[in-house]
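J.: Here you go, upload-v9.cif (mmCIF, C-alpha atoms):
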```
data_protein
loop_
_atom_site.label_atom_id
_atom_site.label_comp_id
_atom_site.auth_asym_id
_atom_site.auth_seq_id
_atom_site.Cartn_x
_atom_site.Cartn_y
_atom_site.Cartn_z
CA MET X 1 150.76 -119.18 -2.03
CA LEU X 2 148.72 -119.95 1.07
CA THR X 3 145.87 -122.45 0.96
CA ASP X 4 142.36 -121.41 1.95
CA LEU X 5 142.79 -123.18 5.29
CA GLN X 6 146.07 -121.36 5.96
CA ILE X 7 144.46 -118.00 5.14
CA TRP X 8 141.65 -118.73 7.60
CA LEU X 9 144.21 -119.72 10.23
CA ALA X 10 146.06 -116.47 9.54
CA ILE X 11 142.82 -114.52 10.05
CA LEU X 12 142.03 -116.37 13.30
CA GLY X 13 145.56 -115.65 14.52
CA LEU X 14 145.09 -111.98 13.71
CA VAL X 15 141.91 -111.98 15.78
CA VAL X 16 143.84 -113.43 18.72
CA VAL X 17 146.73 -110.97 18.33
CA VAL X 18 144.43 -107.95 18.09
CA PHE X 19 142.24 -109.07 20.99
CA ALA X 20 145.27 -109.85 23.17
CA THR X 21 147.12 -106.58 22.57
CA ARG X 22 143.99 -104.54 23.25
CA ASN X 23 143.17 -106.42 26.45
CA VAL X 24 146.53 -107.07 28.08
CA PHE X 25 145.88 -104.74 31.01
CA MET X 26 142.24 -105.79 31.26
CA VAL X 27 143.24 -109.28 32.34
CA LEU X 28 146.45 -108.57 34.23
CA PRO X 29 146.15 -107.79 37.96
CA SER X 30 145.54 -104.11 38.63
CA SER X 31 148.76 -104.02 40.67
CA VAL X 32 150.82 -104.19 37.46
CA ARG X 33 148.88 -101.40 35.77
CA PRO X 34 150.82 -98.16 35.20
CA ARG X 35 149.98 -95.53 37.79
CA GLY X 36 150.63 -91.92 38.67
CA GLY X 37 152.62 -89.80 36.24
CA PHE X 38 153.25 -92.68 33.84
CA GLU X 39 149.55 -93.50 33.62
CA ARG X 40 148.77 -89.83 32.93
CA ALA X 41 151.54 -89.68 30.32
CA LEU X 42 150.10 -92.77 28.59
CA ARG X 43 146.90 -90.80 28.02
CA HIS X 44 148.94 -88.85 25.46
CA ALA X 45 149.62 -92.04 23.47
CA PRO X 46 146.52 -91.69 21.23
CA VAL X 47 147.39 -88.17 20.08
CA ALA X 48 150.99 -89.23 19.51
CA ALA X 49 149.76 -92.27 17.57
CA LEU X 50 147.39 -90.24 15.40
CA VAL X 51 150.17 -87.79 14.58
CA ALA X 52 152.65 -90.61 13.91
CA LEU X 53 150.19 -92.35 11.57
CA THR X 54 149.33 -89.20 9.60
CA VAL X 55 152.55 -87.18 9.37
CA PRO X 56 154.32 -89.46 6.85
CA PRO X 57 151.48 -89.40 4.28
CA ALA X 58 150.81 -85.71 4.94
CA ALA X 59 154.47 -84.89 4.44
CA GLY X 60 154.64 -87.06 1.32
CA GLY X 61 154.50 -84.11 -1.03
CA LEU X 62 157.22 -82.33 0.92
CA LEU X 63 159.49 -85.38 0.90
CA GLU X 64 158.87 -86.20 -2.77
CA ALA X 65 159.14 -82.61 -4.00
CA GLY X 66 162.49 -82.07 -2.33
CA TRP X 67 161.35 -79.09 -0.25
CA ASP X 68 160.25 -77.12 -3.33
CA PRO X 69 157.51 -74.80 -1.96
CA ALA X 70 155.65 -74.53 -5.28
CA ALA X 71 155.56 -78.30 -5.73
CA VAL X 72 154.45 -78.79 -2.13
CA TRP X 73 151.63 -76.29 -2.65
CA HIS X 74 150.46 -77.93 -5.88
CA ASP X 75 150.66 -81.41 -4.35
CA GLY X 76 148.14 -80.19 -1.80
CA ARG X 77 148.57 -82.83 0.92
CA MET X 78 150.76 -80.82 3.29
CA PRO X 79 148.74 -77.57 3.02
CA ALA X 80 145.48 -79.49 3.44
CA ALA X 81 146.85 -81.28 6.50
CA LEU X 82 148.03 -78.04 8.13
CA VAL X 83 144.73 -76.29 7.40
CA THR X 84 142.78 -79.24 8.80
CA VAL X 85 144.67 -79.17 12.10
CA ALA X 86 144.61 -75.36 12.39
CA VAL X 87 140.90 -74.95 11.64
CA SER X 88 139.77 -77.84 13.84
CA ARG X 89 141.97 -76.50 16.65
CA LEU X 90 140.53 -72.98 16.34
CA ALA X 91 136.96 -74.26 16.00
CA GLY X 92 137.42 -76.78 18.81
CA SER X 93 135.58 -79.30 16.64
CA PRO X 94 136.66 -81.75 13.91
CA PHE X 95 134.10 -81.00 11.21
CA PRO X 96 135.14 -77.46 10.19
CA GLY X 97 138.75 -78.61 9.95
CA LEU X 98 137.88 -81.66 7.86
CA ALA X 99 135.69 -79.59 5.53
CA ALA X 100 138.39 -76.94 5.09
CA GLY X 101 141.11 -79.53 4.53
CA VAL X 102 139.15 -81.53 1.95
CA ALA X 103 138.13 -78.33 0.15
CA LEU X 104 141.74 -77.18 -0.06
CA LEU X 105 142.90 -80.63 -1.20
CA LEU X 106 140.32 -80.65 -3.99
CA THR X 107 141.12 -77.06 -4.94
CA LEU X 108 144.85 -77.64 -5.19
CA GLY X 109 144.50 -80.89 -7.05
CA GLY X 110 145.92 -83.20 -4.42
CA THR X 111 147.43 -86.54 -5.18
CA ALA X 112 146.48 -87.99 -8.51
CA MET E 1 114.81 -88.01 36.91
CA ALA E 2 116.78 -91.11 35.95
CA GLU E 3 118.67 -90.90 32.67
CA PRO E 4 117.23 -93.12 29.88
CA GLU E 5 119.31 -96.25 29.44
CA ALA E 6 120.46 -97.80 26.20
CA ARG E 7 120.71 -101.59 25.86
CA GLY E 8 123.02 -103.18 28.40
CA GLY E 9 122.27 -100.70 31.16
CA LEU E 10 124.37 -97.83 29.81
CA PRO E 11 122.88 -94.32 29.74
CA ARG E 12 121.76 -93.34 26.25
CA GLY E 13 122.72 -89.67 26.46
CA PRO E 14 126.47 -90.20 26.97
CA PHE E 15 126.41 -92.99 24.35
CA LEU E 16 125.05 -90.53 21.79
CA GLU E 17 127.49 -87.90 23.04
CA GLY E 18 130.32 -90.36 22.33
CA MET E 19 129.02 -90.71 18.77
CA ARG E 20 128.87 -86.93 18.48
CA LEU E 21 132.53 -86.69 19.52
CA ILE E 22 133.46 -88.79 16.47
CA GLY E 23 130.89 -87.02 14.30
CA SER E 24 131.82 -86.24 10.74
CA THR E 25 135.25 -87.81 10.98
CA VAL E 26 133.54 -91.17 10.52
CA ALA E 27 133.52 -90.23 6.82
CA GLY E 28 137.31 -90.50 6.89
CA THR E 29 137.12 -93.85 8.67
CA PHE E 30 134.71 -94.98 5.96
CA ALA E 31 137.13 -93.86 3.23
CA TRP E 32 140.00 -95.67 4.92
CA GLY E 33 137.82 -98.77 5.20
CA VAL E 34 137.08 -98.66 1.47
CA ILE E 35 140.81 -98.55 0.71
CA THR E 36 141.45 -101.49 3.03
CA GLY E 37 138.59 -103.47 1.50
CA VAL E 38 140.02 -102.96 -1.98
CA ALA E 39 143.47 -103.95 -0.70
CA MET E 40 142.11 -107.15 0.83
CA VAL E 41 140.52 -108.32 -2.42
CA LYS E 42 143.48 -107.27 -4.56
CA GLY E 43 145.76 -108.96 -2.01
CA GLY E 44 144.24 -112.32 -2.86
CA LEU E 45 141.50 -112.85 -0.26
CA SER E 46 138.18 -114.31 -1.34
CA PRO E 47 135.10 -112.19 -0.57
CA MET E 48 134.26 -114.62 2.27
CA GLN E 49 137.75 -114.37 3.78
CA ALA E 50 137.70 -110.58 3.41
CA ALA E 51 134.32 -110.47 5.17
CA GLY E 52 135.67 -112.61 8.00
CA MET E 53 138.66 -110.35 8.38
CA LEU E 54 136.67 -107.13 8.37
CA VAL E 55 134.13 -108.28 10.96
CA LEU E 56 136.47 -110.11 13.33
CA VAL E 57 139.90 -108.48 13.11
CA PHE E 58 138.82 -104.82 13.21
CA SER E 59 142.33 -103.41 12.98
CA GLY E 60 143.41 -101.49 9.90
CA THR E 61 147.10 -101.47 10.71
CA ALA E 62 147.18 -105.19 11.55
CA GLN E 63 145.27 -106.03 8.37
CA LEU E 64 147.42 -103.85 6.14
CA ALA E 65 150.59 -105.25 7.75
CA ALA E 66 149.42 -108.84 7.24
CA LEU E 67 148.02 -108.57 3.70
CA PRO E 68 151.32 -108.32 1.78
CA LEU E 69 152.65 -111.28 3.74
CA ILE E 70 149.52 -113.32 3.03
CA GLY E 71 149.84 -112.42 -0.65
CA ALA E 72 153.50 -113.43 -0.64
CA GLY E 73 152.76 -116.78 1.01
CA ALA E 74 154.73 -116.00 4.19
CA SER E 75 154.59 -118.30 7.21
CA LEU E 76 151.73 -117.91 9.68
CA ALA E 77 154.20 -116.98 12.42
CA ALA E 78 155.57 -114.12 10.29
CA ILE E 79 152.05 -112.86 9.55
CA TRP E 80 151.06 -112.88 13.22
CA ALA E 81 154.36 -111.29 14.30
CA ALA E 82 153.86 -108.48 11.79
CA ALA E 83 150.37 -107.82 13.16
CA LEU E 84 151.69 -107.86 16.72
CA LEU E 85 154.40 -105.32 15.94
CA ALA E 86 151.94 -103.11 14.06
CA ASN E 87 149.64 -103.18 17.09
CA LEU E 88 152.15 -102.46 19.85
CA ARG E 89 150.55 -99.07 20.53
CA PHE E 90 147.44 -100.87 21.74
CA LEU E 91 149.39 -102.05 24.78
CA ALA E 92 149.52 -98.42 25.89
CA TYR E 93 145.85 -97.93 25.02
CA SER E 94 144.99 -101.04 27.01
CA ALA E 95 146.64 -99.58 30.11
CA VAL E 96 144.64 -96.36 29.72
CA VAL E 97 141.33 -98.11 29.08
CA ALA E 98 141.85 -100.60 31.93
CA GLY E 99 142.50 -97.76 34.35
CA GLU E 100 139.60 -95.68 33.10
CA PHE E 101 137.01 -98.45 33.27
CA HIS E 102 138.17 -100.68 36.12
CA GLY E 103 134.69 -100.42 37.67
CA GLN E 104 133.01 -102.19 34.75
CA SER E 105 132.37 -105.93 34.56
CA THR E 106 135.10 -108.11 33.06
CA GLY E 107 133.00 -108.95 30.04
CA ARG E 108 132.26 -105.33 29.28
CA ARG E 109 135.90 -104.33 29.80
CA LEU E 110 137.02 -107.02 27.33
CA LEU E 111 134.46 -105.72 24.85
CA MET E 112 135.70 -102.18 25.40
CA GLY E 113 139.28 -103.32 24.95
CA TRP E 114 138.48 -105.07 21.67
CA MET E 115 136.54 -102.06 20.40
CA THR E 116 139.31 -99.58 21.24
CA THR E 117 140.38 -97.60 18.20
CA ASP E 118 142.90 -94.81 17.73
CA THR E 119 140.25 -92.27 16.85
CA GLY E 120 137.63 -93.52 19.31
CA LEU E 121 139.98 -93.37 22.29
CA ALA E 122 141.43 -90.04 21.19
CA ALA E 123 137.99 -88.48 20.80
CA TYR E 124 136.88 -89.87 24.17
CA LEU E 125 139.96 -88.53 25.98
CA ALA E 126 139.61 -85.14 24.28
CA GLY E 127 136.00 -84.98 25.44
CA GLN E 128 137.10 -85.78 28.98
CA GLN E 129 139.46 -82.77 29.01
CA GLY E 130 136.64 -80.26 28.88
CA PRO E 131 134.05 -79.10 31.38
CA ALA E 132 131.46 -81.43 29.80
CA ALA E 133 133.42 -84.52 30.83
CA ALA E 134 131.37 -87.59 31.72
CA ARG E 135 131.62 -88.19 35.46
CA THR E 136 130.21 -91.54 36.55
CA ASP E 137 131.59 -94.93 35.52
CA ALA E 138 128.47 -95.71 33.49
CA GLN E 139 128.52 -92.33 31.73
CA ARG E 140 132.18 -92.65 30.81
CA ALA E 141 131.71 -96.23 29.57
CA ALA E 142 128.70 -95.22 27.49
CA ARG E 143 130.57 -92.30 25.97
CA PHE E 144 133.58 -94.48 25.14
CA LEU E 145 131.41 -97.19 23.58
CA GLY E 146 129.37 -94.63 21.65
CA ALA E 147 132.50 -93.18 20.05
CA ASN E 148 133.98 -96.56 19.17
CA THR E 149 130.70 -98.04 17.97
CA LEU E 150 130.43 -95.31 15.36
CA VAL E 151 134.03 -95.93 14.30
CA TYR E 152 133.27 -99.68 14.06
CA ALA E 153 130.23 -98.97 11.90
CA GLY E 154 132.09 -96.60 9.60
CA TRP E 155 135.03 -98.97 9.28
CA THR E 156 132.98 -102.09 8.69
CA ILE E 157 130.62 -100.52 6.17
CA GLY E 158 133.51 -98.82 4.37
CA THR E 159 135.50 -102.06 4.18
CA ALA E 160 132.44 -103.97 2.97
CA VAL E 161 131.92 -101.40 0.21
CA GLY E 162 135.61 -101.72 -0.73
CA VAL E 163 135.35 -105.54 -0.88
CA ALA E 164 132.14 -105.47 -2.89
CA ALA E 165 133.29 -102.80 -5.33
CA ALA E 166 137.00 -103.65 -5.55
CA GLY E 167 136.72 -104.22 -9.29
CA TRP E 168 135.43 -100.71 -9.91
CA ILE E 169 137.40 -98.69 -7.39
CA PRO E 170 140.93 -97.76 -8.49
CA ASP E 171 143.76 -97.55 -5.96
CA SER E 172 143.26 -93.91 -5.06
CA PRO E 173 145.74 -92.04 -2.87
CA ARG E 174 143.29 -89.12 -2.87
CA LEU E 175 140.54 -91.23 -1.30
CA GLY E 176 142.97 -92.58 1.27
CA PHE E 177 144.15 -89.08 2.10
CA VAL E 178 140.64 -88.06 3.12
CA GLY E 179 141.05 -90.65 5.89
CA VAL E 180 144.30 -88.96 6.90
CA LEU E 181 142.59 -85.57 7.04
CA ALA E 182 139.77 -87.02 9.16
CA ILE E 183 142.31 -88.21 11.73
CA LEU E 184 144.05 -84.84 11.71
CA ALA E 185 140.69 -83.15 12.26
CA LEU E 186 140.46 -85.11 15.52
CA VAL E 187 144.01 -84.13 16.49
CA GLY E 188 143.34 -80.38 16.25
CA PRO E 189 140.93 -80.06 19.20
CA MET E 190 143.20 -82.28 21.31
CA LEU E 191 146.06 -79.79 21.09
CA SER E 192 144.70 -77.69 23.94
CA THR E 193 147.34 -78.33 26.60
CA ARG E 194 151.10 -77.92 26.60
CA SER E 195 151.71 -81.60 27.19
CA MET E 196 149.43 -82.64 24.29
CA VAL E 197 151.19 -80.21 21.92
CA ALA E 198 154.58 -81.46 23.12
CA ALA E 199 153.57 -85.12 22.69
CA ALA E 200 152.28 -84.44 19.17
CA ALA E 201 155.39 -82.48 18.19
CA ALA E 202 157.72 -85.14 19.55
CA ALA E 203 155.83 -87.87 17.68
CA ALA E 204 155.99 -85.88 14.43
CA LEU E 205 159.71 -85.22 14.75
CA VAL E 206 160.54 -88.84 15.53
CA VAL E 207 158.31 -90.53 12.96
CA LEU E 208 159.64 -88.68 9.91
CA PRO E 209 163.18 -90.11 9.94
CA LEU E 210 161.84 -93.51 11.07
CA ARG E 211 158.89 -93.70 8.65
CA ASP E 212 160.44 -96.51 6.60
CA TRP E 213 160.98 -98.84 9.53
CA PRO E 214 159.04 -102.07 8.96
CA TYR E 215 155.82 -103.07 10.70
CA HIS E 216 155.06 -99.57 12.00
CA LEU E 217 157.97 -99.77 14.44
CA GLY E 218 158.74 -96.13 13.63
CA THR E 219 155.18 -95.31 14.68
CA PHE E 220 155.71 -97.09 17.97
CA ALA E 221 158.98 -95.24 18.56
CA ALA E 222 157.19 -91.95 17.85
CA ILE E 223 154.45 -92.81 20.34
CA ALA E 224 157.08 -93.67 22.94
CA ALA E 225 158.71 -90.29 22.31
CA GLY E 226 155.37 -88.52 22.70
CA VAL E 227 154.59 -90.31 25.95
CA ALA E 228 158.10 -89.60 27.28
CA CYS E 229 157.66 -85.94 26.44
CA ALA E 230 154.31 -85.89 28.25
CA LEU E 231 155.91 -87.61 31.23
CA VAL E 232 158.41 -84.75 31.50
CA LEU E 233 156.03 -81.88 30.76
CA GLY E 234 152.72 -83.37 31.86
CA PRO E 235 150.42 -82.37 34.69
CA ARG E 236 151.28 -83.27 38.24
CA ARG E 237 147.66 -84.12 38.95
CA PRO E 238 145.08 -86.00 36.87
CA THR E 239 143.27 -83.95 34.26
CA GLY E 240 139.49 -84.28 34.16
CA PRO E 241 136.49 -82.70 35.79
CA GLY E 242 137.67 -79.96 38.06
CA ARG E 243 141.34 -80.80 37.50
CA ARG E 244 142.37 -79.21 34.26
CA GLU E 245 145.90 -78.82 33.08
CA SER E 246 147.31 -75.45 32.07
CA ARG E 247 146.07 -74.76 28.57
CA CYS E 248 147.77 -73.29 25.55
#
```
Could you express the structure from this file as structure tokens?
T.:
Amino acid sequence: MLTDLQIWLAILGLVVVVFATRNVFMVLPSSVRPRGGFERALRHAPVAALVALTVPPAAGGLLEAGWDPAAVWHDGRMPAALVTVAVSRLAGSPFPGLAAGVALLLTLGGTA
Amino acid sequence: MAEPEARGGLPRGPFLEGMRLIGSTVAGTFAWGVITGVAMVKGGLSPMQAAGMLVLVFSGTAQLAALPLIGAGASLAAIWAAALLANLRFLAYSAVVAGEFHGQSTGRRLLMGWMTTDTGLAAYLAGQQGPAAARTDAQRAARFLGANTLVYAGWTIGTAVGVAAAGWIPDSPRLGFVGVLAILALVGPMLSTRSMVAAAAAAALVVLPLRDWPYHLGTFAAIAAGVACALVLGPRRPTGPGRRESRC
């Protein structure tokens, strides 16, 4: 069990780690910054990150139900995720997708 | 006529436009913040320590990676290493943000770096793909800060609610999944070019078999796959005002 002081030190260390990782290229000379095609490819990192963070929980029902379509449907997470992406893509705006996804999740029951 | 300026010399219109880009998805950020707040208290932090973490750390993945280790009494080095590994994707974000805002003062760029979030940066970049992209340095900076300020507000308030009401809020996968849907709602409009679709598909395919890797290393591998895919399929010239990539 950590002492109060150790927990505060852990929090201060987290602040340093988070600040440093987010600012590495802010403080390094611009000559070491990625350029050209690599820099443009890095602009795809956020969409890749958002997908990577959300696919495992969204596919949870699929993975737990063993690819049983009825169970996946009743679980609700995968259908709600697909509807959210499809509707927001078609609408070109997040809100309609979020509304449709949450409505479907609530309708199907979702995760308990 | 000169555009009205918000505090700090940034134009107010693009700042509000940045907030609009995040829009309703801040509800998902709020829900995710509530879950994290509950996890912090149930993980053994005092309300004061939880408040310090939520205001200063401002990183859900780093916090959630560190909390089990804090609860288990792990060494400080292990806790910091876990946070570092969980935050590796921010190295890539830092390169993007540094290149995008190199005209800003050092202090403001450090602030922008610290405020960078997954959803805030994604929404900003998606907004820059369209014809309504912000053009000047100040407009782009204001739009970026507007998007991330709203995320910060949603996250901080949500986490504070979670900390304050941890005793009454059950661990709810359903509440957490609203946060997942909010992120996916931001992904949808971004899938407007071949390279974005390819990057997203590559990330999805890679993260599934690697989802159980510790410290979000599978996430980092998926991001690397997405970026590699974009490097192969991406535009030959910068996207942005007047230079738009072929669209799906």
J.: Within 9 Å of Gly127 (chain E), counting all atoms listed in the file, which residues qualify if same-chain residues fewer than 4 places away don't, as a list of chain:residue names?
T.: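 The contact residues come out as E:Gly18, E:Leu21, E:Ala122, E:Ala123, E:Pro131, E:Ala132, E:Ala133, E:Ala134, E:Met190.
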J.: Leu104 (chain X): which residues within 8 Å, counting only C-alpha atoms, same-chain residues fewer than 5 positions away excluded, as a list in words?
T.: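 Within the cut-off, the hits are Gly76, Pro79 and Ala80 of chain X.
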J.: Tell me which protein, DNA and RNA residues are within 6 Å of Thr219 (chain E), counting only C-alpha atoms, leaving out same-chain ones fewer than 2 positions away, and put them as a VMD selection string.
T.: (chain X and resid 52) or (chain E and resid 207 216 to 217 221 to 222)
J.: As a check of understanding, name the residues that the PyMOL selection byres ((chain E) within 6 of (chain X)) selects in the supplied structure, as a PDB file with C-alpha atoms, in the coordinates of the input.
T.:
```pdb
ATOM      1  CA  SER E  24     131.820 -86.240  10.740  1.00  0.00           C
ATOM      2  CA  VAL E  57     139.900-108.480  13.110  1.00  0.00           C
ATOM      3  CA  GLY E  73     152.760-116.780   1.010  1.00  0.00           C
ATOM      4  CA  LEU E  76     151.730-117.910   9.680  1.00  0.00           C
ATOM      5  CA  PHE E  90     147.440-100.870  21.740  1.00  0.00           C
ATOM      6  CA  LEU E  91     149.390-102.050  24.780  1.00  0.00           C
ATOM      7  CA  SER E  94     144.990-101.040  27.010  1.00  0.00           C
ATOM      8  CA  ALA E  95     146.640 -99.580  30.110  1.00  0.00           C
ATOM      9  CA  ALA E  98     141.850-100.600  31.930  1.00  0.00           C
ATOM     10  CA  GLY E 113     139.280-103.320  24.950  1.00  0.00           C
ATOM     11  CA  TRP E 114     138.480-105.070  21.670  1.00  0.00           C
ATOM     12  CA  ASP E 118     142.900 -94.810  17.730  1.00  0.00           C
ATOM     13  CA  ALA E 122     141.430 -90.040  21.190  1.00  0.00           C
ATOM     14  CA  ARG E 174     143.290 -89.120  -2.870  1.00  0.00           C
ATOM     15  CA  VAL E 180     144.300 -88.960   6.900  1.00  0.00           C
ATOM     16  CA  ALA E 182     139.770 -87.020   9.160  1.00  0.00           C
ATOM     17  CA  LEU E 184     144.050 -84.840  11.710  1.00  0.00           C
ATOM     18  CA  ALA E 185     140.690 -83.150  12.260  1.00  0.00           C
ATOM     19  CA  LEU E 186     140.460 -85.110  15.520  1.00  0.00           C
ATOM     20  CA  GLY E 188     143.340 -80.380  16.250  1.00  0.00           C
ATOM     21  CA  PRO E 189     140.930 -80.060  19.200  1.00  0.00           C
ATOM     22  CA  ALA E 199     153.570 -85.120  22.690  1.00  0.00           C
ATOM     23  CA  ALA E 200     152.280 -84.440  19.170  1.00  0.00           C
ATOM     24  CA  ALA E 203     155.830 -87.870  17.680  1.00  0.00           C
ATOM     25  CA  ALA E 204     155.990 -85.880  14.430  1.00  0.00           C
ATOM     26  CA  VAL E 207     158.310 -90.530  12.960  1.00  0.00           C
ATOM     27  CA  THR E 219     155.180 -95.310  14.680  1.00  0.00           C
ATOM     28  CA  ILE E 223     154.450 -92.810  20.340  1.00  0.00           C
ATOM     29  CA  GLY E 226     155.370 -88.520  22.700  1.00  0.00           C
ATOM     30  CA  VAL E 227     154.590 -90.310  25.950  1.00  0.00           C
ATOM     31  CA  ALA E 230     154.310 -85.890  28.250  1.00  0.00           C
ATOM     32  CA  LEU E 231     155.910 -87.610  31.230  1.00  0.00           C
TER      33      LEU E 231
END
```
J.: Any idea what's packed within 10 Å of Val34 (chain E), counting only C-alpha atoms, ignoring anything in its chain fewer than 5 positions away? Could you give it as a compact mmCIF listing (two decimals) with C-alpha atoms, keeping the file's coordinate frame?
T.:
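Just written: out.txt:
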```txt
# COMPACT_ATOMS: atom_id res chain seq x y z
CA GLY E 28 137.31 -90.50 6.89
CA THR E 29 137.12 -93.85 8.67
CA ALA E 39 143.47 -103.95 -0.70
CA MET E 40 142.11 -107.15 0.83
CA GLY E 154 132.09 -96.60 9.60
CA TRP E 155 135.03 -98.97 9.28
CA THR E 156 132.98 -102.09 8.69
CA ILE E 157 130.62 -100.52 6.17
CA GLY E 158 133.51 -98.82 4.37
CA THR E 159 135.50 -102.06 4.18
CA ALA E 160 132.44 -103.97 2.97
CA VAL E 161 131.92 -101.40 0.21
CA GLY E 162 135.61 -101.72 -0.73
CA VAL E 163 135.35 -105.54 -0.88
CA ALA E 164 132.14 -105.47 -2.89
CA ALA E 165 133.29 -102.80 -5.33
CA ALA E 166 137.00 -103.65 -5.55
CA ILE E 169 137.40 -98.69 -7.39
CA LEU E 175 140.54 -91.23 -1.30
CA GLY E 176 142.97 -92.58 1.27
CA GLY E 179 141.05 -90.65 5.89
```
J.: From the set E:Gln63, E:Thr149, E:Thr116, E:Gln129, which residue has the shortest atom-to-atom contact distance to Ser192 (chain E), counting only C-alpha atoms?
T.: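 Smallest separation from Ser192 (chain E) among the options: E:Gln129.
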J.: What does the distance between CA of Ala126 (chain E) and CA of Met19 (chain E) come to in Å, to one decimal place?
T.: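 Straight-line distance from CA of Ala126 (chain E) to CA of Met19 (chain E) works out to 13.2 Å.
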J.: Please list as a ChimeraX atom specification every residue within 8 Å of Leu108 (chain X), counting all atoms listed in the file and excluding residues in the same chain fewer than 6 positions away.
T.: /X:73-76
J.: In Å, rounded to a single decimal, give me how far CA of Arg135 (chain E) is from CA of Val187 (chain E).
T.: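 Atom-to-atom, CA of Val187 (chain E) to CA of Arg135 (chain E), that is 23.0 Å.
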